[in-house]
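> Got a structure for you, written out below as structure tokens; questions coming shortly.
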Amino acid sequence: MLNNFPSNLHPMSQFSAAIAAMNSESKFAKAYSDGAHKSTYWEYVYEDSMDLIAKLPTVASIIYRNLYRDSTSVGAINPDKDWSANFTSMLGYEDSSFTELMRLYLTIHSDHEGGNVSAHSCHLVASTLSDPYLSFSAGMCGLAGPLHGLANQEVLVWLTKVREELGDNVTDDQMKDFIWKTLKSGQVVPGFGHAVLRKTDPRYTCQREFALKHLPNDPLFHLVGQVYKNVPPILLELGKVKNPWPNVDAHSGCLLQYYGMTEMNYYTVLFGVSRALGCLASMVWDRALGLPLERPKSMSTDGLMKLVKYS
């Protein structure tokens, strides 16, 4: 299936379609069809989740190789390597530091709290008793949206504009002027602010620590650090931002670029592989706890009119 997709099909379209197609192997779907008792649903969801997590690196690597490496083979899984090491090897990266980065990346992006679109989409679709393959595929369709999974790409695009206009040796005054220029044009500085956090995202901090250890002299890393130094005071000065601090997306693209993964359209697939850890773990708990079908609240036209009238 993956080898037959056209080369102009977006990596996330391929990823979500492949995940949905794998539901033909769902143990949960078969057990439900066979009349399994609802108290055992979580067991089959767990088995599906483990199977899916195991398969995702291969699926993601085939997509990468087909699009960016002339359809070369991903090779065989090495049972002596861990999940991340096998993934980076199948992608075609043998640098041990990149493997260490991927272990970090896959851990910090596995976020599963229900307040984000991909995690909530998985929870919502799974509440209908769709199997984990279909439910996670739905979450990946949400992750593909620009407001959710493309943030680190937007950071890189903005940093590229900074370098094109100012070069690599940017002074603090030049950086401040460029930040103000961005804000006064009605745009935001991507990678700063978070709906929940009110301090520097700890996921940003651990990536910064990784960079200080492995790429301390990289020009793009220096630029990311300079942005970190100058953006928060300016956003605080504006007085309109509750959280002026950087989030996870402000740093991740810089690290991937350093190790040669420059194909930005693929970054969300990496995000998706990681997100499986959190979403699928939550899905197991959903079925273990017997959570009901989720039904969003709806309002009649009369109800909406009253709401407008008294607001």
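Residues in the structure tokens are numbered from 1 in each chain, the chains being A, B, ... in the order shown, and ligands are numbered from 1 in the order shown.
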Would you tabulate, counting only C-alpha atoms, all residues of range 266-293 of chain A that have an atom at most 8 Å from an atom of range 148-155 of chain A, showing the closest pair of atoms and their distance in Å to one decimal, sorted by chain then ascending number, as a tab-separated table?


residue	atom	partner	partner_atom	distance
A:Tyr267	CA	A:Gln153	CA	7.6
A:Thr268	CA	A:Gly149	CA	5.7
A:Phe271	CA	A:Gly149	CA	7.4

> Take the selection from the previous step and output its residues with N, CA, C and O atoms, as a PDB file, in the first residue's frame.


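Below is the file part-v6.pdb, written as the result:
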ATOM      1  N   TYR A 267       8.259  16.118   9.692  1.00  0.00           N
ATOM      2  CA  TYR A 267       8.400  16.265  11.138  1.00  0.00           C
ATOM      3  C   TYR A 267       7.152  15.826  11.906  1.00  0.00           C
ATOM      4  O   TYR A 267       7.240  15.287  13.011  1.00  0.00           O
ATOM      5  N   THR A 268       5.978  16.073  11.333  1.00  0.00           N
ATOM      6  CA  THR A 268       4.751  15.709  12.039  1.00  0.00           C
ATOM      7  C   THR A 268       4.595  14.196  12.156  1.00  0.00           C
ATOM      8  O   THR A 268       3.954  13.706  13.086  1.00  0.00           O
ATOM      9  N   PHE A 271       6.372  13.274  15.209  1.00  0.00           N
ATOM     10  CA  PHE A 271       5.475  13.679  16.291  1.00  0.00           C
ATOM     11  C   PHE A 271       4.418  12.591  16.507  1.00  0.00           C
ATOM     12  O   PHE A 271       4.121  12.194  17.637  1.00  0.00           O
TER      13      PHE A 271
END

> Please, which residues in range 113-199 of chain A fall within 12 Å of range 30-52 of chain A when counting only C-alpha atoms, and what is the closest atom pair and distance in Å to one decimal for each, ordered by chain then residue number, as a Markdown table?


| residue | atom | partner | partner_atom | distance |
| --- | --- | --- | --- | --- |
| A:Ala126 | CA | A:Val45 | CA | 9.9 |
| A:Ser127 | CA | A:Tyr41 | CA | 11.9 |
| A:Leu129 | CA | A:Tyr32 | CA | 8.8 |
| A:Ser130 | CA | A:Tyr32 | CA | 9.9 |
| A:Asp131 | CA | A:Val45 | CA | 7.2 |
| A:Pro132 | CA | A:Asp48 | CA | 6.4 |
| A:Tyr133 | CA | A:Leu52 | CA | 7.2 |
| A:Leu134 | CA | A:Leu52 | CA | 10.9 |
| A:Ser135 | CA | A:Ser49 | CA | 10.7 |
| A:Phe136 | CA | A:Leu52 | CA | 9.4 |
| A:Ser137 | CA | A:Leu52 | CA | 10.9 |

> Output the selection as a short mmCIF file (atom, residue, chain, number, x, y, z; two decimals), in the first residue's frame - N, CA, C and O atoms for each residue.


data_model
loop_
_atom_site.label_atom_id
_atom_site.label_comp_id
_atom_site.auth_asym_id
_atom_site.auth_seq_id
_atom_site.Cartn_x
_atom_site.Cartn_y
_atom_site.Cartn_z
N ALA A 126 -12.36 6.48 20.01
CA ALA A 126 -12.30 5.21 20.73
C ALA A 126 -13.52 5.01 21.62
O ALA A 126 -13.90 3.87 21.91
N SER A 127 -14.16 6.10 22.03
CA SER A 127 -15.35 5.97 22.89
C SER A 127 -16.51 5.32 22.15
O SER A 127 -17.46 4.82 22.76
N LEU A 129 -16.05 2.68 20.54
CA LEU A 129 -15.51 1.32 20.46
C LEU A 129 -14.91 1.01 19.09
O LEU A 129 -14.81 -0.15 18.69
N SER A 130 -14.50 2.07 18.38
CA SER A 130 -13.62 1.85 17.23
C SER A 130 -12.31 1.28 17.77
O SER A 130 -11.88 1.61 18.88
N ASP A 131 -11.66 0.44 16.99
CA ASP A 131 -10.43 -0.18 17.47
C ASP A 131 -9.29 0.85 17.52
O ASP A 131 -9.41 1.94 16.96
N PRO A 132 -8.19 0.52 18.20
CA PRO A 132 -7.08 1.48 18.33
C PRO A 132 -6.49 1.96 17.01
O PRO A 132 -5.99 3.10 16.94
N TYR A 133 -6.53 1.14 15.98
CA TYR A 133 -5.97 1.56 14.70
C TYR A 133 -6.79 2.71 14.10
O TYR A 133 -6.25 3.74 13.70
N LEU A 134 -8.10 2.53 14.06
CA LEU A 134 -8.96 3.58 13.51
C LEU A 134 -8.94 4.82 14.40
O LEU A 134 -8.93 5.95 13.91
N SER A 135 -8.94 4.61 15.72
CA SER A 135 -8.97 5.73 16.65
C SER A 135 -7.69 6.55 16.57
O SER A 135 -7.73 7.79 16.55
N PHE A 136 -6.55 5.88 16.53
CA PHE A 136 -5.29 6.60 16.45
C PHE A 136 -5.14 7.28 15.09
O PHE A 136 -4.59 8.38 15.00
N SER A 137 -5.64 6.66 14.04
CA SER A 137 -5.61 7.29 12.72
C SER A 137 -6.38 8.60 12.75
O SER A 137 -5.93 9.60 12.16
#

> Taking the DSSP assignment computed from this structure's backbone, write out as a PyMOL selection string all residues of range 16-92 of chain A that belong to helix (DSSP H, G or I).

chain A and resi 16-25+27-33+38-68+83-91

> Would you list the contacts of Pro292 in chain A as a ChimeraX atom specification, taking every protein, DNA or RNA residue within 12 Å and counting only C-alpha atoms, but skipping same-chain residues closer than 2 positions in sequence?

/A:38,123-129,286-290,294-295

> Write out as a PyMOL selection string which residues come within 8 Å of Asn66 in chain A when counting only C-alpha atoms, dropping same-chain ones fewer than 4 positions away.

chain A and resi 3+7+62+70-72

> With N, CA, C and O atoms retained, export the selected residues as a PDB file, in the first residue's frame.


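Saved result, again-v9.pdb, follows:
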ATOM      1  N   ASN A   3       3.938   1.615  -0.800  1.00  0.00           N
ATOM      2  CA  ASN A   3       4.788   1.707  -1.992  1.00  0.00           C
ATOM      3  C   ASN A   3       4.008   2.119  -3.240  1.00  0.00           C
ATOM      4  O   ASN A   3       4.612   2.430  -4.269  1.00  0.00           O
ATOM      5  N   SER A   7       3.951  10.116  -5.097  1.00  0.00           N
ATOM      6  CA  SER A   7       5.020  10.829  -4.402  1.00  0.00           C
ATOM      7  C   SER A   7       4.590  12.207  -3.913  1.00  0.00           C
ATOM      8  O   SER A   7       5.273  12.801  -3.063  1.00  0.00           O
ATOM      9  N   ILE A  62       9.281   3.661   6.097  1.00  0.00           N
ATOM     10  CA  ILE A  62       8.985   3.390   4.690  1.00  0.00           C
ATOM     11  C   ILE A  62       8.514   4.673   4.006  1.00  0.00           C
ATOM     12  O   ILE A  62       8.919   4.978   2.872  1.00  0.00           O
ATOM     13  N   ASP A  70      14.799   7.762  -2.318  1.00  0.00           N
ATOM     14  CA  ASP A  70      14.688   6.962  -3.546  1.00  0.00           C
ATOM     15  C   ASP A  70      14.116   5.567  -3.312  1.00  0.00           C
ATOM     16  O   ASP A  70      14.529   4.589  -3.947  1.00  0.00           O
ATOM     17  N   SER A  71      13.202   5.456  -2.373  1.00  0.00           N
ATOM     18  CA  SER A  71      12.500   4.191  -2.086  1.00  0.00           C
ATOM     19  C   SER A  71      13.436   3.061  -1.667  1.00  0.00           C
ATOM     20  O   SER A  71      13.149   1.881  -1.882  1.00  0.00           O
ATOM     21  N   THR A  72      14.557   3.410  -1.040  1.00  0.00           N
ATOM     22  CA  THR A  72      15.480   2.374  -0.566  1.00  0.00           C
ATOM     23  C   THR A  72      14.851   1.608   0.598  1.00  0.00           C
ATOM     24  O   THR A  72      13.963   2.099   1.288  1.00  0.00           O
TER      25      THR A  72
END

> Within 9 Å of range 254-266 of chain A, counting only C-alpha atoms, which residues show up once you throw out same-chain ones fewer than 2 positions away? Write them as a count of residues only, please.

30

> Need to verify the contact set: Ile108 in chain A, 9 Å, only C-alpha atoms, exclusion of same-chain residues closer than 2 positions in sequence. Can you return it as a PyMOL selection string?

chain A and resi 103-106+110-111+203+206+248+274

> Given the selection you just returned, output its residues as a file containing N, CA, C and O atoms, formatted as a short mmCIF file (atom, residue, chain, number, x, y, z; two decimals), in the first residue's frame.


data_model
loop_
_atom_site.label_atom_id
_atom_site.label_comp_id
_atom_site.auth_asym_id
_atom_site.auth_seq_id
_atom_site.Cartn_x
_atom_site.Cartn_y
_atom_site.Cartn_z
N ARG A 103 15.46 9.29 21.11
CA ARG A 103 14.93 8.77 22.38
C ARG A 103 14.30 9.91 23.18
O ARG A 103 13.22 9.76 23.76
N LEU A 104 14.99 11.04 23.20
CA LEU A 104 14.47 12.21 23.89
C LEU A 104 13.20 12.72 23.22
O LEU A 104 12.18 12.96 23.87
N TYR A 105 13.27 12.88 21.90
CA TYR A 105 12.15 13.43 21.12
C TYR A 105 10.89 12.58 21.29
O TYR A 105 9.79 13.09 21.53
N LEU A 106 11.04 11.25 21.15
CA LEU A 106 9.89 10.37 21.22
C LEU A 106 9.28 10.32 22.62
O LEU A 106 8.10 10.03 22.79
N SER A 110 5.26 12.44 23.61
CA SER A 110 4.23 11.40 23.80
C SER A 110 3.04 11.89 24.60
O SER A 110 2.11 11.13 24.87
N ASP A 111 3.06 13.15 24.97
CA ASP A 111 1.99 13.87 25.68
C ASP A 111 0.61 13.30 25.37
O ASP A 111 0.22 13.17 24.22
N ARG A 203 9.98 20.65 28.36
CA ARG A 203 10.40 19.91 27.17
C ARG A 203 11.34 20.77 26.32
O ARG A 203 12.22 20.24 25.63
N CYS A 206 14.84 20.58 28.28
CA CYS A 206 15.65 19.37 28.10
C CYS A 206 16.25 19.31 26.69
O CYS A 206 17.36 18.79 26.50
N VAL A 248 7.68 23.46 23.55
CA VAL A 248 8.50 22.37 22.99
C VAL A 248 8.87 22.61 21.53
O VAL A 248 9.95 22.23 21.06
N SER A 274 5.63 9.33 18.18
CA SER A 274 5.76 9.57 19.62
C SER A 274 4.41 9.63 20.32
O SER A 274 4.21 9.03 21.38
#

> Enter the distance from CA of Met102 in chain A to CA of Arg69 in chain A, in Å, rounded to one decimal.

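Separation between CA of Met102 in chain A and CA of Arg69 in chain A: 19.2 Å.
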
> If you count only C-alpha atoms, which residues fall within 6 Å of Phe192 in chain A, apart from same-chain ones fewer than 5 positions away, as a PyMOL selection string?

chain A and resi 245-247

> Restricting the calculation to only C-alpha atoms: of A:Lys306, A:Lys176, A:Gly167, A:Asp249, which residue gets closest to Tyr204 in chain A?

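Counting only C-alpha atoms, the residue closest to Tyr204 in chain A is A:Asp249.
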